[in-house]
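Structure file work-v6.cif (mmCIF, C-alpha atoms) follows.
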```cif
data_run
loop_
_atom_site.group_PDB
_atom_site.id
_atom_site.type_symbol
_atom_site.label_atom_id
_atom_site.label_comp_id
_atom_site.auth_asym_id
_atom_site.auth_seq_id
_atom_site.Cartn_x
_atom_site.Cartn_y
_atom_site.Cartn_z
ATOM 1 C CA MET A 1386 17.724 1.159 -15.326
ATOM 2 C CA ILE A 1387 18.033 -2.539 -16.074
ATOM 3 C CA LYS A 1388 14.672 -4.152 -16.736
ATOM 4 C CA GLY A 1389 13.425 -5.976 -13.657
ATOM 5 C CA THR A 1390 15.502 -3.998 -11.166
ATOM 6 C CA LYS A 1391 12.456 -2.758 -9.270
ATOM 7 C CA GLU A 1392 11.116 -6.322 -8.903
ATOM 8 C CA VAL A 1393 14.492 -7.552 -7.646
ATOM 9 C CA LYS A 1394 14.602 -4.672 -5.167
ATOM 10 C CA VAL A 1395 11.158 -5.595 -3.832
ATOM 11 C CA ASN A 1396 12.167 -9.254 -3.510
ATOM 12 C CA MET A 1397 15.373 -8.322 -1.697
ATOM 13 C CA LEU A 1398 13.472 -6.138 0.744
ATOM 14 C CA LEU A 1399 11.000 -8.927 1.399
ATOM 15 C CA LEU A 1400 13.767 -11.453 1.990
ATOM 16 C CA LYS A 1401 15.470 -9.147 4.452
ATOM 17 C CA GLY A 1402 12.193 -8.389 6.223
ATOM 18 C CA VAL A 1403 12.742 -4.693 5.638
ATOM 19 C CA VAL A 1404 9.611 -3.949 3.623
ATOM 20 C CA ILE A 1405 8.258 -0.601 4.674
ATOM 21 C CA PRO A 1406 6.381 -1.221 7.925
ATOM 22 C CA GLY A 1407 2.744 -2.076 7.467
ATOM 23 C CA ALA A 1408 2.701 -2.636 3.702
ATOM 24 C CA THR A 1409 2.792 -6.425 3.851
ATOM 25 C CA LYS A 1410 0.410 -6.467 6.809
ATOM 26 C CA LYS A 1411 -2.118 -4.295 4.976
ATOM 27 C CA GLY A 1412 -1.911 -6.564 1.947
ATOM 28 C CA LEU A 1413 -2.469 -9.662 4.062
ATOM 29 C CA GLU A 1414 -5.434 -7.968 5.745
ATOM 30 C CA ALA A 1415 -6.900 -7.193 2.326
ATOM 31 C CA PHE A 1416 -6.451 -10.813 1.274
ATOM 32 C CA ALA A 1417 -7.985 -12.125 4.524
ATOM 33 C CA ASN A 1418 -10.975 -9.843 4.060
ATOM 34 C CA ARG A 1419 -11.383 -11.063 0.470
ATOM 35 C CA VAL A 1420 -11.509 -14.688 1.685
ATOM 36 C CA LEU A 1421 -13.951 -13.855 4.491
ATOM 37 C CA ARG A 1422 -16.196 -11.898 2.118
ATOM 38 C CA ASP A 1423 -16.353 -14.852 -0.278
ATOM 39 C CA SER A 1424 -16.888 -17.337 2.548
ATOM 40 C CA LYS A 1425 -19.951 -15.479 3.829
ATOM 41 C CA THR A 1426 -21.934 -16.748 0.834
ATOM 42 C CA GLN A 1427 -21.090 -20.358 1.762
ATOM 43 C CA VAL A 1428 -21.175 -20.381 5.567
ATOM 44 C CA PRO A 1429 -24.095 -22.399 7.010
ATOM 45 C CA LEU A 1430 -26.917 -20.050 7.877
ATOM 46 C CA ASP A 1431 -29.577 -20.479 10.529
ATOM 47 C CA ARG A 1432 -29.933 -17.287 12.580
ATOM 48 C CA GLY A 1433 -26.780 -15.684 11.145
ATOM 49 C CA ASP A 1434 -24.649 -15.852 14.299
ATOM 50 C CA LEU A 1435 -21.882 -17.781 12.551
ATOM 51 C CA GLN A 1436 -21.939 -15.535 9.493
ATOM 52 C CA ARG A 1437 -21.658 -12.398 11.654
ATOM 53 C CA SER A 1438 -18.778 -13.758 13.743
ATOM 54 C CA THR A 1439 -15.938 -13.103 11.293
ATOM 55 C CA LYS A 1440 -12.730 -12.066 12.973
ATOM 56 C CA THR A 1441 -9.235 -11.059 11.908
ATOM 57 C CA GLU A 1442 -6.299 -10.633 14.234
ATOM 58 C CA ASP A 1443 -2.613 -9.922 13.998
ATOM 59 C CA ILE A 1444 -0.335 -12.832 14.741
ATOM 60 C CA LYS A 1445 3.426 -13.085 14.536
ATOM 61 C CA GLY A 1446 4.276 -13.214 10.843
ATOM 62 C CA GLY A 1447 0.790 -12.645 9.488
ATOM 63 C CA ILE A 1448 -2.954 -12.345 9.952
ATOM 64 C CA ARG A 1449 -5.397 -14.933 11.302
ATOM 65 C CA ALA A 1450 -8.897 -14.835 9.867
ATOM 66 C CA GLY A 1451 -11.936 -16.952 10.545
ATOM 67 C CA TYR A 1452 -15.166 -17.295 12.453
ATOM 68 C CA ASP A 1453 -15.425 -16.772 16.188
ATOM 69 C CA VAL A 1454 -18.196 -18.919 17.635
ATOM 70 C CA LYS A 1455 -17.583 -22.134 19.553
ATOM 71 C CA TYR A 1456 -19.212 -24.331 16.898
ATOM 72 C CA ALA A 1457 -17.476 -22.803 13.839
ATOM 73 C CA ALA A 1458 -14.812 -25.500 13.504
ATOM 74 C CA ARG A 1459 -17.340 -28.339 13.752
ATOM 75 C CA GLN A 1460 -19.603 -26.701 11.157
ATOM 76 C CA HIS A 1461 -16.598 -26.282 8.886
ATOM 77 C CA GLU A 1462 -15.430 -29.884 9.122
ATOM 78 C CA GLU A 1463 -18.702 -31.860 9.270
ATOM 79 C CA LEU A 1464 -19.226 -32.992 5.676
ATOM 80 C CA ARG A 1465 -22.278 -35.155 6.461
ATOM 81 C CA TRP A 1466 -24.497 -32.306 7.656
ATOM 82 C CA ASN A 1467 -27.015 -30.978 5.152
ATOM 83 C CA HIS A 1468 -27.202 -27.229 4.590
ATOM 84 C CA LYS A 1469 -29.704 -25.188 2.599
ATOM 85 C CA ASN A 1470 -29.338 -22.698 -0.252
ATOM 86 C CA GLY A 1471 -25.784 -23.497 -1.336
ATOM 87 C CA ARG A 1472 -24.424 -23.267 2.208
ATOM 88 C CA LYS A 1473 -21.881 -25.942 3.104
ATOM 89 C CA ALA A 1474 -18.998 -27.266 5.131
ATOM 90 C CA LYS A 1475 -15.498 -26.089 4.123
ATOM 91 C CA TYR A 1476 -16.943 -22.583 3.851
ATOM 92 C CA LEU A 1477 -13.588 -21.034 4.727
ATOM 93 C CA GLU A 1478 -11.161 -23.522 3.194
ATOM 94 C CA ASP A 1479 -12.721 -23.442 -0.276
ATOM 95 C CA PRO A 1480 -12.663 -19.625 -0.660
ATOM 96 C CA LEU A 1481 -9.072 -19.644 0.605
ATOM 97 C CA LYS A 1482 -8.081 -22.156 -2.073
ATOM 98 C CA GLN A 1483 -10.013 -20.240 -4.742
ATOM 99 C CA ASN A 1484 -8.274 -16.961 -3.867
ATOM 100 C CA THR A 1485 -4.726 -18.155 -3.168
ATOM 101 C CA ARG A 1486 -3.400 -16.844 -6.480
ATOM 102 C CA LYS A 1487 -4.722 -13.380 -5.660
ATOM 103 C CA MET A 1488 -2.677 -13.024 -2.461
ATOM 104 C CA PRO A 1489 0.545 -11.775 -4.128
ATOM 105 C CA LYS A 1490 -1.476 -9.113 -5.952
ATOM 106 C CA ASP A 1491 -3.220 -7.982 -2.754
ATOM 107 C CA VAL A 1492 0.092 -7.727 -0.912
ATOM 108 C CA GLY A 1493 1.945 -6.266 -3.903
ATOM 109 C CA ILE A 1494 -0.460 -3.347 -4.242
ATOM 110 C CA PHE A 1495 0.485 -2.051 -0.790
ATOM 111 C CA ILE A 1496 4.209 -2.634 -1.288
ATOM 112 C CA LYS A 1497 4.199 -0.768 -4.612
ATOM 113 C CA ARG A 1498 2.388 2.161 -3.024
ATOM 114 C CA LYS A 1499 5.101 2.430 -0.368
ATOM 115 C CA LEU A 1500 7.930 2.216 -2.937
ATOM 116 C CA LYS A 1501 6.608 5.099 -5.046
#
```

For this file, write the structure as structure tokens.
Amino acid sequence: MIKGTKEVKVNMLLLKGVVIPGATKKGLEAFANRVLRDSKTQVPLDRGDLQRSTKTEDIKGGIRAGYDVKYAARQHEELRWNHKNGRKAKYLEDPLKQNTRKMPKDVGIFIKRKLK
């Protein structure tokens, strides 16, 4: 076998959208859960309602992850509000940026399992 053939095969399957059903989705779910887990240490905390409201859902072409209370977006964007104990605005955006390089690995693990 020519070196790199397996990687080319995986890339071709991804480009065609023929990756074994569920593998990419499971990888994206794993990545979304990683981001949410990391964000829980940064999310503003009063009674814990916001922190407990994490939600993931399937959407066309991927996974949507975030917090599901009416004030979550405002808490996320309001940079002038003061929060205690290392809690802060951008509690979802920052963990997403910090973990972006890990997404291919999270997705790749599930694809490799299906190709074996």

*Rank nothing, just name the residue among A:His1461, A:Gly1451, A:Asn1470, A:Ala1417 nearest to Leu1430 (chain A), using all atoms listed in the file.*
A:Asn1470

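Residues lying within 12 Å of Pro1489 (chain A), counting only C-alpha atoms and ignoring same-chain neighbours fewer than 4 positions away, are Asn1396, Thr1409, Gly1412, Leu1413, Ala1415, Phe1416, Asn1484, Thr1485, Gly1493, Ile1494, Phe1495, Ile1496 and Lys1497 of chain A.
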
_d(CA of Gly1407 (chain A), CA of Lys1499 (chain A)) in Å_ = 9.3 Å

*asked:* For the PyMOL selection byres ((chain A and resi 1436) around 10), applied here, can you spell out every residue it catches as a ChimeraX atom specification?
replied: /A:1421,1424-1435,1437-1439,1452-1454,1457

Hey, can you spit out that residue selection with C-alpha atoms as an mmCIF file, keeping the file's coordinate frame?
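Resulting contents of again.cif:
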```cif
data_model
loop_
_atom_site.group_PDB
_atom_site.id
_atom_site.type_symbol
_atom_site.label_atom_id
_atom_site.label_comp_id
_atom_site.auth_asym_id
_atom_site.auth_seq_id
_atom_site.Cartn_x
_atom_site.Cartn_y
_atom_site.Cartn_z
ATOM 1 C CA LEU A 1421 -13.951 -13.855 4.491
ATOM 2 C CA SER A 1424 -16.888 -17.337 2.548
ATOM 3 C CA LYS A 1425 -19.951 -15.479 3.829
ATOM 4 C CA THR A 1426 -21.934 -16.748 0.834
ATOM 5 C CA GLN A 1427 -21.090 -20.358 1.762
ATOM 6 C CA VAL A 1428 -21.175 -20.381 5.567
ATOM 7 C CA PRO A 1429 -24.095 -22.399 7.010
ATOM 8 C CA LEU A 1430 -26.917 -20.050 7.877
ATOM 9 C CA ASP A 1431 -29.577 -20.479 10.529
ATOM 10 C CA ARG A 1432 -29.933 -17.287 12.580
ATOM 11 C CA GLY A 1433 -26.780 -15.684 11.145
ATOM 12 C CA ASP A 1434 -24.649 -15.852 14.299
ATOM 13 C CA LEU A 1435 -21.882 -17.781 12.551
ATOM 14 C CA ARG A 1437 -21.658 -12.398 11.654
ATOM 15 C CA SER A 1438 -18.778 -13.758 13.743
ATOM 16 C CA THR A 1439 -15.938 -13.103 11.293
ATOM 17 C CA TYR A 1452 -15.166 -17.295 12.453
ATOM 18 C CA ASP A 1453 -15.425 -16.772 16.188
ATOM 19 C CA VAL A 1454 -18.196 -18.919 17.635
ATOM 20 C CA ALA A 1457 -17.476 -22.803 13.839
#
```

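When CA of Lys1475 (chain A) is paired with CA of Lys1487 (chain A), their separation reads 19.3 Å.
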
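CA of Gly1471 (chain A) to CA of Thr1441 (chain A) spans 24.6 Å [interatomic distance, one decimal].
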
_Would you pick out the contacts of Lys1410 (chain A) at 8 Å or less, using all atoms listed in the file, so that residues sharing its chain but fewer than 4 positions from it are not included, and give the list as a PyMOL selection string?_
chain A and resi 1414+1447-1448+1492

Could the residues in this selection be saved with C-alpha atoms as a CSV table (one decimal), in the coordinates of the input?
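See again_7.csv below for the written result:
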```csv
chain,number,residue,atom,x,y,z
A,1414,GLU,CA,-5.4,-8.0,5.7
A,1447,GLY,CA,0.8,-12.6,9.5
A,1448,ILE,CA,-3.0,-12.3,10.0
A,1492,VAL,CA,0.1,-7.7,-0.9
```

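Nearest to Arg1459 (chain A) of all the residues A:Leu1481, A:Ala1474, A:Met1488, A:Leu1500 is A:Ala1474, counting only C-alpha atoms.
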